[in-house]
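Visitor: Provided herewith: structure_5.csv, CSV, C-alpha atoms.
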chain,number,residue,atom,x,y,z
A,1,MET,CA,30.1,-0.2,13.9
A,2,PRO,CA,27.6,-0.7,11.1
A,3,HIS,CA,26.4,2.6,9.7
A,4,VAL,CA,23.6,2.8,7.2
A,5,PHE,CA,22.9,6.0,5.1
A,6,VAL,CA,19.3,6.3,3.8
A,7,PHE,CA,18.8,8.7,1.0
A,8,GLY,CA,15.2,9.8,1.4
A,9,LEU,CA,13.4,9.7,4.7
A,10,GLY,CA,10.0,9.2,3.1
A,11,PHE,CA,7.4,6.5,3.5
A,12,CYS,CA,9.7,3.6,3.0
A,13,GLY,CA,12.9,5.3,4.2
A,14,ARG,CA,11.3,6.1,7.6
A,15,VAL,CA,10.4,2.5,8.3
A,16,ILE,CA,13.8,1.2,7.2
A,17,ALA,CA,15.6,3.9,9.3
A,18,ARG,CA,13.4,3.2,12.3
A,19,ARG,CA,14.0,-0.6,12.2
A,20,MET,CA,17.8,-0.3,11.7
A,21,ALA,CA,18.1,2.2,14.5
A,22,ALA,CA,16.1,-0.1,16.8
A,23,ALA,CA,18.5,-2.9,15.9
A,24,GLY,CA,21.5,-0.8,17.1
A,25,TRP,CA,22.8,0.5,13.9
A,26,THR,CA,24.1,4.1,13.4
A,27,VAL,CA,21.6,5.6,10.9
A,28,THR,CA,21.9,8.8,8.9
A,29,ALA,CA,19.2,9.9,6.5
A,30,THR,CA,18.4,12.8,4.2
A,31,VAL,CA,15.3,15.0,4.2
A,32,ARG,CA,14.1,17.8,2.1
A,33,ALA,CA,14.3,21.3,3.3
A,34,GLY,CA,11.3,22.1,5.6
A,35,ASP,CA,10.7,18.5,6.4
A,36,CYS,CA,11.0,18.3,10.2
A,37,ALA,CA,9.5,14.9,10.7
A,38,GLY,CA,12.6,12.9,11.9
A,39,VAL,CA,12.9,9.5,13.4
A,40,PRO,CA,14.2,8.9,16.9
A,41,GLY,CA,17.8,7.9,16.9
A,42,VAL,CA,18.4,8.9,13.3
A,43,ARG,CA,20.6,11.8,12.3
A,44,THR,CA,19.1,13.8,9.4
A,45,LEU,CA,20.7,16.0,6.7
A,46,VAL,CA,19.0,18.2,4.3
A,47,PHE,CA,19.3,17.1,0.7
A,48,ASP,CA,17.3,18.4,-2.3
A,49,PRO,CA,17.9,20.3,-5.5
A,50,ASP,CA,18.5,23.5,-3.7
A,51,HIS,CA,20.7,22.0,-0.9
A,52,PRO,CA,23.6,19.9,-2.2
A,53,LEU,CA,25.2,17.3,0.0
A,54,ASP,CA,29.0,17.1,0.7
A,55,ALA,CA,30.1,13.6,-0.3
A,56,ARG,CA,32.3,13.5,2.8
A,57,VAL,CA,29.2,12.8,4.9
A,58,LEU,CA,29.5,9.2,3.6
A,59,HIS,CA,32.8,8.7,5.4
A,60,GLY,CA,32.5,5.7,7.7
A,61,VAL,CA,29.2,4.6,6.1
A,62,THR,CA,29.1,0.8,5.6
A,63,HIS,CA,25.6,0.4,4.0
A,64,LEU,CA,23.6,2.7,1.7
A,65,VAL,CA,19.9,2.6,0.7
A,66,SER,CA,18.3,5.0,-1.8
A,67,THR,CA,14.6,5.5,-1.9
A,68,ILE,CA,14.8,8.7,-4.1
A,69,PRO,CA,13.3,8.4,-7.6
A,70,PRO,CA,15.1,9.8,-10.5
A,71,GLY,CA,13.9,13.0,-12.1
A,72,PRO,CA,14.3,14.5,-15.6
A,73,LEU,CA,18.0,15.1,-14.9
A,74,GLY,CA,18.6,11.5,-13.7
A,75,ASP,CA,19.2,9.9,-10.3
A,76,PRO,CA,20.4,12.6,-7.8
A,77,VAL,CA,22.2,9.9,-5.7
A,78,LEU,CA,24.4,8.5,-8.5
A,79,PRO,CA,27.1,11.3,-8.2
A,80,PHE,CA,27.7,10.1,-4.6
A,81,LEU,CA,28.3,6.4,-5.4
A,82,ALA,CA,31.9,6.9,-6.4
A,83,ALA,CA,32.6,8.3,-2.9
A,84,ALA,CA,30.7,5.6,-1.1
A,85,GLY,CA,33.1,2.8,0.1
A,86,VAL,CA,30.2,0.7,1.3
A,87,THR,CA,30.0,-3.1,1.7
A,88,TRP,CA,26.3,-3.2,0.6
A,89,ALA,CA,24.1,-0.8,-1.4
A,90,GLY,CA,20.4,-1.0,-2.1
A,91,TYR,CA,18.4,0.8,-4.7
A,92,LEU,CA,14.6,0.8,-4.4
A,93,SER,CA,13.1,0.7,-7.9
A,94,THR,CA,9.6,-0.4,-9.1
A,95,THR,CA,7.9,-3.3,-10.8
A,96,GLY,CA,6.8,-0.6,-13.3
A,97,VAL,CA,10.0,-1.2,-15.2
A,98,TYR,CA,8.5,-4.4,-16.6
A,99,GLY,CA,5.7,-2.6,-18.5
A,100,ASP,CA,2.6,-4.3,-19.7
A,101,PHE,CA,2.3,-8.0,-20.0
A,102,GLY,CA,-1.4,-8.4,-20.3
A,103,GLY,CA,-1.8,-10.1,-16.9
A,104,GLU,CA,1.0,-12.6,-17.5
A,105,THR,CA,3.6,-13.4,-14.8
A,106,VAL,CA,7.0,-11.8,-14.9
A,107,ASP,CA,10.1,-12.6,-12.8
A,108,GLU,CA,13.6,-11.1,-12.5
A,109,THR,CA,14.8,-12.7,-15.7
A,110,THR,CA,12.0,-11.1,-17.8
A,111,PRO,CA,13.4,-8.3,-20.0
A,112,PRO,CA,11.9,-5.0,-19.0
A,113,ARG,CA,9.9,-3.0,-21.5
A,114,PRO,CA,8.6,0.0,-19.6
A,115,THR,CA,5.7,2.0,-21.0
A,116,GLN,CA,5.9,5.1,-18.7
A,117,GLU,CA,8.5,7.8,-18.8
A,118,ARG,CA,9.1,7.5,-15.1
A,119,SER,CA,9.7,3.8,-15.5
A,120,HIS,CA,12.2,4.4,-18.3
A,121,ARG,CA,14.1,6.6,-15.8
A,122,ARG,CA,13.9,4.0,-13.1
A,123,LEU,CA,15.4,1.4,-15.5
A,124,ALA,CA,18.2,3.7,-16.5
A,125,ALA,CA,18.9,4.3,-12.8
A,126,GLU,CA,19.0,0.6,-12.1
A,127,ARG,CA,21.5,0.0,-14.8
A,128,ALA,CA,23.7,2.9,-13.6
A,129,TRP,CA,23.7,1.5,-10.1
A,130,LEU,CA,24.7,-2.0,-11.3
A,131,ALA,CA,27.5,-0.5,-13.4
A,132,SER,CA,28.7,1.7,-10.5
A,133,GLY,CA,31.2,-0.8,-9.2
A,134,LEU,CA,29.4,-0.8,-5.8
A,135,SER,CA,28.0,-4.0,-4.3
A,136,ALA,CA,24.6,-2.8,-5.6
A,137,HIS,CA,21.3,-4.7,-5.1
A,138,ILE,CA,18.1,-3.7,-6.9
A,139,PHE,CA,14.7,-4.0,-5.4
A,140,ARG,CA,11.7,-3.7,-7.7
A,141,LEU,CA,8.8,-2.8,-5.5
A,142,ALA,CA,5.1,-3.3,-6.1
A,143,GLY,CA,2.6,-0.6,-4.9
A,144,ILE,CA,3.6,0.3,-1.4
A,145,TYR,CA,1.0,0.7,1.4
A,146,GLY,CA,1.0,0.8,5.1
A,147,PRO,CA,-0.2,2.9,8.1
A,148,GLY,CA,-1.6,6.2,6.9
A,149,ARG,CA,-1.3,5.3,3.2
A,150,ASN,CA,-3.7,2.6,2.3
A,151,ALA,CA,-7.2,1.8,1.1
A,152,LEU,CA,-8.6,2.4,4.6
A,153,GLU,CA,-7.5,6.1,4.4
A,154,GLN,CA,-9.2,6.4,1.0
A,155,VAL,CA,-12.4,5.1,2.4
A,156,ARG,CA,-12.2,7.4,5.4
A,157,ALA,CA,-11.5,10.4,3.3
A,158,GLY,CA,-14.4,9.6,1.0
A,159,THR,CA,-12.2,9.4,-2.1
A,160,ALA,CA,-12.3,5.6,-2.6
A,161,ARG,CA,-13.6,4.4,-5.9
A,162,ARG,CA,-14.3,0.8,-7.1
A,163,ILE,CA,-13.2,0.7,-10.7
A,164,VAL,CA,-13.7,-2.5,-12.5
A,165,LYS,CA,-11.3,-3.4,-15.3
A,166,PRO,CA,-11.7,-7.1,-16.2
A,167,GLY,CA,-8.6,-9.1,-15.9
A,168,HIS,CA,-6.6,-6.3,-14.3
A,169,ALA,CA,-4.8,-6.9,-10.9
A,170,PHE,CA,-2.4,-4.7,-8.9
A,171,GLY,CA,0.6,-6.0,-7.0
A,172,ARG,CA,1.1,-4.6,-3.5
A,173,ILE,CA,3.6,-4.8,-0.7
A,174,HIS,CA,3.3,-3.6,2.9
A,175,VAL,CA,6.0,-1.1,3.9
A,176,GLU,CA,7.1,-3.2,6.8
A,177,ASP,CA,7.8,-6.1,4.4
A,178,VAL,CA,9.8,-3.8,2.2
A,179,ALA,CA,12.1,-3.1,5.2
A,180,GLY,CA,12.2,-6.8,6.1
A,181,VAL,CA,13.5,-7.6,2.6
A,182,ILE,CA,16.1,-5.0,2.9
A,183,GLU,CA,17.3,-6.4,6.2
A,184,ALA,CA,17.3,-9.9,4.7
A,185,SER,CA,19.5,-8.8,1.8
A,186,ILE,CA,22.0,-7.1,4.1
A,187,HIS,CA,22.4,-10.3,6.0
A,188,ARG,CA,22.7,-12.3,2.7
A,189,PRO,CA,24.4,-10.0,0.3
A,190,ASN,CA,24.6,-10.9,-3.4
A,191,PRO,CA,26.0,-7.9,-5.4
A,192,GLY,CA,24.3,-7.4,-8.7
A,193,ALA,CA,21.1,-9.2,-7.7
A,194,ILE,CA,17.6,-8.0,-8.6
A,195,TYR,CA,14.7,-8.8,-6.4
A,196,ASN,CA,10.9,-8.4,-7.0
A,197,VAL,CA,9.2,-7.3,-3.8
A,198,ALA,CA,5.5,-7.9,-3.8
A,199,ASP,CA,3.0,-9.9,-1.7
A,200,ASP,CA,1.4,-13.2,-2.8
A,201,ASP,CA,-2.0,-11.8,-3.6
A,202,PRO,CA,-2.3,-9.5,-6.6
A,203,ALA,CA,-5.8,-8.3,-6.7
A,204,PRO,CA,-8.3,-6.0,-8.5
A,205,GLN,CA,-8.5,-2.5,-7.0
A,206,ALA,CA,-12.3,-2.9,-6.5
A,207,GLU,CA,-11.8,-6.0,-4.3
A,208,VAL,CA,-9.3,-4.2,-2.0
A,209,ILE,CA,-11.6,-1.2,-1.6
A,210,ALA,CA,-14.5,-3.5,-0.8
A,211,PHE,CA,-12.4,-5.3,1.9
A,212,ALA,CA,-11.4,-1.9,3.4
A,213,CYS,CA,-15.1,-0.9,3.6
A,214,ARG,CA,-15.9,-4.1,5.4
A,215,LEU,CA,-13.2,-3.5,8.0
A,216,LEU,CA,-14.6,0.0,8.6
A,217,GLY,CA,-18.2,-1.1,8.6
A,218,GLN,CA,-19.2,1.0,5.6
A,219,ASP,CA,-21.1,0.3,2.5
A,220,PRO,CA,-18.7,0.1,-0.5
A,221,PRO,CA,-19.0,2.7,-3.3
A,222,GLU,CA,-20.8,1.6,-6.4
A,223,GLU,CA,-18.7,-0.2,-9.0
A,224,GLU,CA,-17.6,1.9,-12.0
A,225,ASP,CA,-16.9,0.5,-15.4
A,226,TRP,CA,-13.4,1.1,-16.6
A,227,ASP,CA,-14.4,2.5,-20.0
A,228,THR,CA,-16.5,5.2,-18.2
A,229,ALA,CA,-14.3,5.8,-15.2
A,230,GLN,CA,-11.0,6.4,-17.1
A,231,ALA,CA,-12.3,9.6,-18.5
A,232,THR,CA,-12.6,11.1,-15.0
A,233,LEU,CA,-9.1,10.0,-13.9
A,234,SER,CA,-6.0,12.3,-14.0
A,235,PRO,CA,-3.2,11.4,-16.5
A,236,MET,CA,-1.1,10.2,-13.5
A,237,ALA,CA,-3.9,8.0,-12.2
A,238,ARG,CA,-4.6,6.5,-15.6
A,239,SER,CA,-0.9,5.7,-16.0
A,240,PHE,CA,-1.1,3.3,-13.1
A,241,TRP,CA,-3.8,1.3,-14.9
A,242,ALA,CA,-1.8,1.1,-18.1
A,243,ASP,CA,0.3,-1.9,-17.1
A,244,ASN,CA,-1.1,-5.3,-16.1
A,245,LYS,CA,1.2,-8.1,-14.9
A,246,ARG,CA,1.6,-10.5,-12.1
A,247,VAL,CA,5.0,-10.4,-10.4
A,248,ALA,CA,6.7,-13.6,-9.2
A,249,THR,CA,8.6,-13.2,-5.9
A,250,GLY,CA,10.2,-16.6,-5.4
A,251,ARG,CA,13.7,-15.1,-5.4
A,252,ILE,CA,13.3,-13.2,-2.1
A,253,LYS,CA,12.1,-16.4,-0.5
A,254,THR,CA,14.6,-18.9,-1.8
A,255,GLU,CA,17.7,-16.6,-1.8
A,256,LEU,CA,17.0,-14.4,1.1
A,257,GLY,CA,14.8,-16.6,3.2
A,258,VAL,CA,12.0,-14.0,3.4
A,259,ARG,CA,8.7,-14.9,5.0
A,260,LEU,CA,6.3,-12.0,4.4
A,261,THR,CA,4.6,-10.7,7.5
A,262,TYR,CA,1.7,-9.6,5.3
A,263,PRO,CA,1.4,-12.1,2.3
A,264,SER,CA,-2.0,-10.6,1.3
A,265,TYR,CA,-3.6,-7.2,1.4
A,266,ARG,CA,-6.1,-8.7,3.8
A,267,ASP,CA,-3.3,-9.3,6.3
A,268,GLY,CA,-1.8,-5.9,5.9
A,269,LEU,CA,-5.0,-3.9,6.0
A,270,SER,CA,-6.3,-5.8,9.0
A,271,ALA,CA,-3.1,-5.1,10.8
A,272,ASP,CA,-3.2,-1.4,9.9
A,273,PHE,CA,-6.9,-1.2,11.0
A,274,ASN,CA,-6.1,-2.8,14.3
A,275,ALA,CA,-2.9,-0.7,15.0
A,276,PRO,CA,-3.0,0.9,18.4
A,277,ASP,CA,-2.4,4.4,17.1
A,278,ARG,CA,-5.5,4.5,14.8
A,279,SER,CA,-6.9,8.0,15.0
A,280,ASP,CA,-10.5,6.9,14.8
A,281,ARG,CA,-10.5,4.2,17.5
Please re-express this file's structure in structure tokens.
Guide:
Amino acid sequence: MPHVFVFGLGFCGRVIARRMAAAGWTVTATVRAGDCAGVPGVRTLVFDPDHPLDARVLHGVTHLVSTIPPGPLGDPVLPFLAAAGVTWAGYLSTTGVYGDFGGETVDETTPPRPTQERSHRRLAAERAWLASGLSAHIFRLAGIYGPGRNALEQVRAGTARRIVKPGHAFGRIHVEDVAGVIEASIHRPNPGAIYNVADDDPAPQAEVIAFACRLLGQDPPEEEDWDTAQATLSPMARSFWADNKRVATGRIKTELGVRLTYPSYRDGLSADFNAPDRSDR
């Protein structure tokens, strides 16, 4: 029986685990201590810096997915790879490893040149996974959004800002499409492959906020000039604006046969807005 082990039952991990369980897979996933939010049909195990995991839990696992980012001490999942006799392994990385290309297009053959410390860690983790001897696949994700974590929520919370930085666009990907790409790769394995995972519509942040406001029937916040706005952003928030690139995603379509459910943020936000479990309906 196919058995997938998901390291990290977070935003992406929950959707991947839910979909795999619904497809009849045996699914095991890790959570941090105190996190009681499980997924129906998914066995959970506690795994965090204070709660080590016995590598024997991977016995019988056929597929492995890691959504856990590396920390200052490296990737916490790497020590388990030697004990993982899986037929397919997937590591969720970030398009941040490419760094800044001034708005030019990058693809999987573009040499990464990360500018952020966290992206340097991601790139090191990618290389370690590819060198592990496992049938590893690397997925470089754009900014992930979906139900409960999107521009609609920012507008509802009153925290949305429309910052205008000429020539700058962000890549995005809906969480359901992330899971769809993972499933497609499992069915068409290609060990050592790297895939960019983003939608077809990179767009300025101000444009996305304005669209979310239209869906909610609210007036958009006033535009803010980047030169003025950046002084009010946290260092972490500023770091997301440091890199500017457009990410080519032809490989997931030609090699994996992926057809995105939400090829534009307009499709994804509209679907999230119309979801039956919306709290403000």
Visitor: Suppose you want the space between CA of Ser135 in chain A and CA of Ile194 in chain A; what is it in Å?
Guide: 11.9 Å
Visitor: Which residue, A:Ala89, A:Ala212, A:Val247, A:Ala206, has the smallest gap to Ile173 in chain A when you use only C-alpha atoms?
Guide: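 Ranking A:Ala89, A:Ala212, A:Val247, A:Ala206 by distance to Ile173 in chain A, first place goes to A:Val247.
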Visitor: Which residues of range 69-182 of chain A have any atom within 10 Å of an atom in range 5-17 of chain A when counting all atoms listed in the file, and what is the closest pair of atoms for each, with the distance in Å to one decimal? Order the rows by chain and rising number and write it as CSV.
Guide:
residue,atom,partner,partner_atom,distance
A:Pro69,CA,A:Gly8,CA,9.3
A:Pro76,CA,A:Phe7,CA,9.8
A:Val77,CA,A:Phe7,CA,7.6
A:Ala84,CA,A:Phe5,CA,10.0
A:Val86,CA,A:Phe5,CA,9.8
A:Ala89,CA,A:Phe5,CA,9.5
A:Gly90,CA,A:Val6,CA,9.5
A:Tyr91,CA,A:Phe7,CA,9.7
A:Leu92,CA,A:Cys12,CA,9.3
A:Ile144,CA,A:Cys12,CA,8.2
A:Tyr145,CA,A:Phe11,CA,8.9
A:Gly146,CA,A:Phe11,CA,8.7
A:Pro147,CA,A:Phe11,CA,9.6
A:Gly148,CA,A:Phe11,CA,9.6
A:Arg149,CA,A:Phe11,CA,8.8
A:His174,CA,A:Cys12,CA,9.6
A:Val175,CA,A:Cys12,CA,6.0
A:Glu176,CA,A:Val15,CA,6.8
A:Asp177,CA,A:Val15,CA,9.8
A:Val178,CA,A:Cys12,CA,7.4
A:Ala179,CA,A:Ile16,CA,5.0
A:Gly180,CA,A:Ile16,CA,8.2
A:Val181,CA,A:Ile16,CA,9.9
A:Ile182,CA,A:Ile16,CA,7.9
Visitor: Around (29.1, 6.6, -8.1) in the file's frame, which residues reach within 10 Å when counting all atoms listed in the file? Return as a list in words?
Guide: Val77, Leu78, Pro79, Phe80, Leu81, Ala82, Ala83, Ala84, Gly85, Ala128, Trp129, Ala131, Ser132, Gly133 and Leu134 of chain A
Visitor: Give the answer as one residue: which of A:Pro70, A:Pro2, A:Gly96, A:Gly250 has the shortest atom-to-atom distance to Ala142 in chain A, using all atoms listed in the file?
Guide: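 For Ala142 in chain A, the nearest of the candidates is A:Gly96.
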Visitor: Save N, CA and C atoms of range 77-102 of chain A from the block above as a CSV table (one decimal), in the first residue's frame.
Guide:
chain,number,residue,atom,x,y,z
A,77,VAL,N,15.2,17.6,8.6
A,77,VAL,CA,14.8,16.4,8.0
A,77,VAL,C,15.9,15.6,7.4
A,78,LEU,N,17.0,16.2,7.0
A,78,LEU,CA,18.1,15.5,6.4
A,78,LEU,C,18.6,14.3,7.1
A,79,PRO,N,18.8,14.3,8.4
A,79,PRO,CA,19.3,13.2,9.1
A,79,PRO,C,18.4,11.9,8.9
A,80,PHE,N,17.2,12.1,8.5
A,80,PHE,CA,16.3,10.9,8.4
A,80,PHE,C,16.3,10.3,7.0
A,81,LEU,N,17.0,11.0,6.0
A,81,LEU,CA,16.9,10.6,4.6
A,81,LEU,C,17.6,9.2,4.4
A,82,ALA,N,18.7,9.0,5.2
A,82,ALA,CA,19.5,7.8,5.0
A,82,ALA,C,18.6,6.6,5.4
A,83,ALA,N,17.7,6.8,6.3
A,83,ALA,CA,16.8,5.7,6.8
A,83,ALA,C,15.5,5.6,6.0
A,84,ALA,N,15.4,6.4,5.0
A,84,ALA,CA,14.1,6.5,4.2
A,84,ALA,C,14.3,5.7,2.9
A,85,GLY,N,13.8,4.5,2.9
A,85,GLY,CA,13.9,3.7,1.7
A,85,GLY,C,12.7,3.9,0.8
A,86,VAL,N,12.5,5.2,0.3
A,86,VAL,CA,11.3,5.5,-0.4
A,86,VAL,C,11.5,5.5,-1.9
A,87,THR,N,10.4,5.4,-2.6
A,87,THR,CA,10.5,5.4,-4.1
A,87,THR,C,10.4,6.8,-4.7
A,88,TRP,N,10.0,7.8,-3.9
A,88,TRP,CA,9.8,9.2,-4.3
A,88,TRP,C,9.9,10.1,-3.1
A,89,ALA,N,10.7,11.2,-3.3
A,89,ALA,CA,10.8,12.1,-2.2
A,89,ALA,C,10.7,13.5,-2.8
A,90,GLY,N,10.0,14.4,-2.1
A,90,GLY,CA,9.8,15.8,-2.6
A,90,GLY,C,10.2,16.8,-1.5
A,91,TYR,N,11.0,17.8,-1.9
A,91,TYR,CA,11.4,18.8,-1.0
A,91,TYR,C,10.8,20.2,-1.5
A,92,LEU,N,10.0,20.8,-0.6
A,92,LEU,CA,9.4,22.1,-1.0
A,92,LEU,C,10.3,23.2,-0.6
A,93,SER,N,10.9,23.9,-1.6
A,93,SER,CA,11.8,25.0,-1.5
A,93,SER,C,11.1,26.3,-1.9
A,94,THR,N,11.8,27.2,-2.4
A,94,THR,CA,11.3,28.5,-2.7
A,94,THR,C,12.0,29.1,-3.9
A,95,THR,N,11.2,29.9,-4.7
A,95,THR,CA,11.8,30.7,-5.8
A,95,THR,C,12.8,31.7,-5.3
A,96,GLY,N,12.8,32.0,-4.0
A,96,GLY,CA,13.7,32.9,-3.4
A,96,GLY,C,15.2,32.5,-3.6
A,97,VAL,N,15.4,31.3,-3.9
A,97,VAL,CA,16.8,30.9,-4.1
A,97,VAL,C,17.4,31.5,-5.4
A,98,TYR,N,16.6,32.0,-6.3
A,98,TYR,CA,17.1,32.7,-7.5
A,98,TYR,C,17.7,34.0,-7.2
A,99,GLY,N,17.2,34.7,-6.2
A,99,GLY,CA,17.7,36.1,-5.9
A,99,GLY,C,17.0,37.1,-6.8
A,100,ASP,N,17.7,38.2,-7.0
A,100,ASP,CA,17.2,39.3,-7.7
A,100,ASP,C,17.7,39.4,-9.2
A,101,PHE,N,16.7,39.4,-10.1
A,101,PHE,CA,17.0,39.5,-11.5
A,101,PHE,C,16.4,40.7,-12.2
A,102,GLY,N,16.1,41.7,-11.4
A,102,GLY,CA,15.6,43.0,-11.9
A,102,GLY,C,14.4,42.8,-12.8
